[in-house]
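**Q** Next up, run_2.tsv (TSV, C-alpha atoms).
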```tsv
chain	number	residue	atom	x	y	z
O	13	MET	CA	-24.20	15.63	-26.73
O	14	ALA	CA	-20.45	15.17	-26.77
O	15	ASN	CA	-18.25	12.82	-24.74
O	16	TYR	CA	-15.79	14.32	-22.25
O	17	GLU	CA	-13.15	13.16	-19.78
O	18	THR	CA	-12.02	15.04	-16.73
O	19	VAL	CA	-9.29	14.33	-14.22
O	20	PHE	CA	-8.85	16.41	-11.09
O	21	ILE	CA	-6.41	16.23	-8.20
O	22	VAL	CA	-7.50	16.94	-4.64
O	23	THR	CA	-5.12	18.15	-1.95
O	24	PRO	CA	-3.74	15.30	0.21
O	25	VAL	CA	-4.35	17.01	3.57
O	26	LEU	CA	-8.05	16.08	3.64
O	27	SER	CA	-9.65	13.14	5.45
O	28	ASP	CA	-11.16	10.28	3.46
O	29	ALA	CA	-14.66	11.63	4.09
O	30	GLN	CA	-13.70	15.09	2.86
O	31	VAL	CA	-12.05	13.66	-0.26
O	32	GLN	CA	-15.18	11.65	-1.05
O	33	GLU	CA	-17.30	14.78	-0.49
O	34	VAL	CA	-15.25	16.66	-3.10
O	35	ALA	CA	-15.64	13.83	-5.63
O	36	ASP	CA	-19.40	13.65	-5.01
O	37	LYS	CA	-19.67	17.43	-5.38
O	38	PHE	CA	-18.24	17.41	-8.89
O	39	ARG	CA	-20.27	14.40	-9.96
O	40	GLY	CA	-23.28	16.37	-8.76
O	41	VAL	CA	-22.24	19.41	-10.79
O	42	ILE	CA	-22.16	17.25	-13.91
O	43	SER	CA	-25.55	15.65	-13.20
O	44	GLU	CA	-27.28	18.89	-12.18
O	45	ASN	CA	-26.22	20.62	-15.40
O	46	GLY	CA	-27.62	18.03	-17.79
O	47	GLY	CA	-24.60	15.75	-18.03
O	48	GLN	CA	-24.67	11.99	-17.71
O	49	ILE	CA	-21.80	10.20	-16.00
O	50	VAL	CA	-20.56	7.22	-18.00
O	51	ASN	CA	-17.68	6.14	-15.75
O	52	ALA	CA	-16.19	7.47	-12.53
O	53	GLU	CA	-12.99	6.17	-10.95
O	54	SER	CA	-10.96	7.05	-7.91
O	55	TRP	CA	-7.29	6.48	-8.63
O	56	GLY	CA	-6.33	7.13	-5.03
O	57	LEU	CA	-3.34	8.92	-3.55
O	58	ARG	CA	-0.53	9.28	-6.09
O	59	ARG	CA	2.78	11.07	-6.29
O	60	LEU	CA	2.76	14.25	-8.38
O	61	ALA	CA	5.29	14.73	-11.18
O	62	TYR	CA	6.32	18.02	-9.59
O	63	PRO	CA	5.35	19.87	-6.40
O	64	ILE	CA	2.13	21.88	-6.58
O	65	GLN	CA	1.49	24.34	-3.75
O	66	LYS	CA	4.33	22.63	-1.82
O	67	LYS	CA	2.53	19.26	-2.02
O	68	THR	CA	4.08	16.17	-3.59
O	69	THR	CA	1.01	13.88	-3.54
O	70	GLY	CA	-2.68	14.21	-4.33
O	71	PHE	CA	-5.90	12.22	-4.67
O	72	TYR	CA	-6.73	11.62	-8.34
O	73	PHE	CA	-10.28	11.31	-9.70
O	74	PHE	CA	-11.23	10.38	-13.27
O	75	THR	CA	-14.72	10.88	-14.75
O	76	GLU	CA	-16.10	10.20	-18.21
O	77	PHE	CA	-19.39	11.90	-19.05
O	78	THR	CA	-21.60	13.18	-21.82
O	79	GLY	CA	-23.05	16.67	-21.97
O	80	GLU	CA	-23.33	19.99	-23.72
O	81	GLY	CA	-20.40	22.37	-24.14
O	82	SER	CA	-21.79	24.83	-21.62
O	83	LEU	CA	-21.42	22.18	-18.92
O	84	ILE	CA	-17.63	22.36	-19.27
O	85	ASP	CA	-17.59	26.08	-18.44
O	86	THR	CA	-19.69	25.46	-15.33
O	87	LEU	CA	-17.59	22.49	-14.22
O	88	GLU	CA	-14.26	24.23	-14.67
O	89	THR	CA	-15.54	27.32	-12.87
O	90	GLN	CA	-16.42	25.10	-9.91
O	91	TYR	CA	-12.94	23.50	-10.02
O	92	ARG	CA	-11.34	26.95	-9.89
O	93	ARG	CA	-13.51	28.07	-6.97
O	94	ASP	CA	-12.80	25.01	-4.83
O	95	GLU	CA	-9.55	25.42	-2.88
O	96	ARG	CA	-9.32	21.65	-2.35
O	97	VAL	CA	-8.71	21.04	-6.09
O	98	ILE	CA	-5.07	21.67	-6.96
O	99	ARG	CA	-5.18	20.70	-10.69
O	100	PHE	CA	-7.74	19.63	-13.27
O	101	LEU	CA	-7.92	18.77	-16.94
O	102	THR	CA	-11.04	18.32	-19.07
O	103	PHE	CA	-11.11	17.42	-22.72
O	104	LYS	CA	-13.54	16.37	-25.43
O	105	GLN	CA	-13.15	12.81	-26.66
O	106	ASP	CA	-13.02	12.11	-30.37
O	107	LYS	CA	-14.47	8.88	-31.78
O	108	PHE	CA	-11.21	7.00	-31.27
O	109	ALA	CA	-10.97	8.03	-27.63
O	110	VAL	CA	-14.58	6.92	-27.07
O	111	GLU	CA	-13.79	3.50	-28.59
O	112	TYR	CA	-10.66	3.19	-26.47
O	113	SER	CA	-12.60	4.12	-23.32
O	114	GLU	CA	-15.25	1.49	-24.04
O	115	LYS	CA	-12.58	-1.18	-24.55
O	116	ARG	CA	-10.79	-0.07	-21.38
O	117	ARG	CA	-14.00	-0.26	-19.31
O	118	ALA	CA	-14.80	-3.72	-20.73
O	119	LYS	CA	-11.28	-4.92	-19.90
O	120	LEU	CA	-11.55	-3.57	-16.34
O	121	ALA	CA	-14.97	-5.19	-15.92
O	122	ASN	CA	-13.60	-8.55	-17.11
O	123	LYS	CA	-10.62	-8.26	-14.77
O	124	THR	CA	-12.86	-7.64	-11.73
O	125	GLN	CA	-15.14	-10.58	-12.62
O	126	GLU	CA	-12.25	-13.06	-12.67
```
Rewrite the coordinates I just gave you, this time as C-alpha cells.
**A**
Amino acid sequence: MANYETVFIVTPVLSDAQVQEVADKFRGVISENGGQIVNAESWGLRRLAYPIQKKTTGFYFFTEFTGEGSLIDTLETQYRRDERVIRFLTFKQDKFAVEYSEKRRAKLANKTQE
C-alpha cells in the first residue's frame, strides 16, 4: 500500500452542513475502497490564486491516506462527477514526503496540546 495526499476545493456557495457532507463523502470513498485515512484536515474558506468558475474563494480540504493505486482512479472519478468540487489534486508521497508529513502532524499535535 502506498501513501497519498489529496487536496480538493469545494465551491463557496454551500452551507456549512453541505460542505461537511462533501468532505465526509470523499472520506467515505477512500474508506469504502480499501484505503485508510491517516490524517484529514479542513483548511477552511480561503482565497483562490485565480478565479475558477467565476468564484474567488473556496473551502479547502486536505487528506492523507494509504491505499492501492486503483483507489486513486475511483476517487478522482468521484471528484469529477461532483459539481461541488471545483479543483482537486492527488499525488503519491515518496519516503521524504511521508517523513515530512509525520513531523508536521507531530508538530501540530504538540501545538494543540500547549
**Q** Would you please work out which residue, of O:Glu95, O:Leu101, O:Thr86, O:Glu80, is nearest to Gly46 in chain O when using all atoms listed in the file?
**A**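 For Gly46 in chain O, the nearest of the given residues is O:Glu80.
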**Q** Please indicate the distance in Å from CA of Leu87 in chain O to CA of Lys119 in chain O, rounded to one decimal place.
**A**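 Interatomic distance here is 28.7 Å.
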**Q** My list of candidates is O:Gln30, O:Ser113, O:Gln105, O:Gln65. Which is closest to Thr78 in chain O when distances are computed with all atoms listed in the file?
**A**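 Among O:Gln30, O:Ser113, O:Gln105, O:Gln65, it is O:Gln105 that comes nearest to Thr78 in chain O.
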**Q** I'd like the contact shell of Lys104 in chain O - 10 Å cut-off, only C-alpha atoms, skipping same-chain residues fewer than 6 positions apart - returned as an NGL selection string.
**A** :O and (14-18 or 76-78 or 81 or 84 or 110)
**Q** Find the spatial neighbours of Tyr72 in chain O, counting all atoms listed in the file, within a cut-off of 8 Å - ignore same-chain residues fewer than 2 positions away - and output them as a list in words.
**A**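 Here the qualifying residues turn out to be Val19, Phe20, Ile21, Val22, Ser54, Trp55, Gly56, Leu57, Arg58, Gly70 and Phe74 of chain O.
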**Q** Residues as selected, C-alpha atoms, written as a PDB file, in the coordinates of the input, can you do that?
**A**
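Ended up saving to result.pdb:
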```pdb
ATOM      1  CA  VAL O  19      -9.290  14.330 -14.220  1.00  0.00           C
ATOM      2  CA  PHE O  20      -8.850  16.410 -11.090  1.00  0.00           C
ATOM      3  CA  ILE O  21      -6.410  16.230  -8.200  1.00  0.00           C
ATOM      4  CA  VAL O  22      -7.500  16.940  -4.640  1.00  0.00           C
ATOM      5  CA  SER O  54     -10.960   7.050  -7.910  1.00  0.00           C
ATOM      6  CA  TRP O  55      -7.290   6.480  -8.630  1.00  0.00           C
ATOM      7  CA  GLY O  56      -6.330   7.130  -5.030  1.00  0.00           C
ATOM      8  CA  LEU O  57      -3.340   8.920  -3.550  1.00  0.00           C
ATOM      9  CA  ARG O  58      -0.530   9.280  -6.090  1.00  0.00           C
ATOM     10  CA  GLY O  70      -2.680  14.210  -4.330  1.00  0.00           C
ATOM     11  CA  PHE O  74     -11.230  10.380 -13.270  1.00  0.00           C
TER      12      PHE O  74
END
```
**Q** What does the distance from CA of Thr23 in chain O to CA of Arg96 in chain O come to in Å, to one decimal?
**A**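 Pair CA of Thr23 in chain O / CA of Arg96 in chain O returns 5.5 Å.
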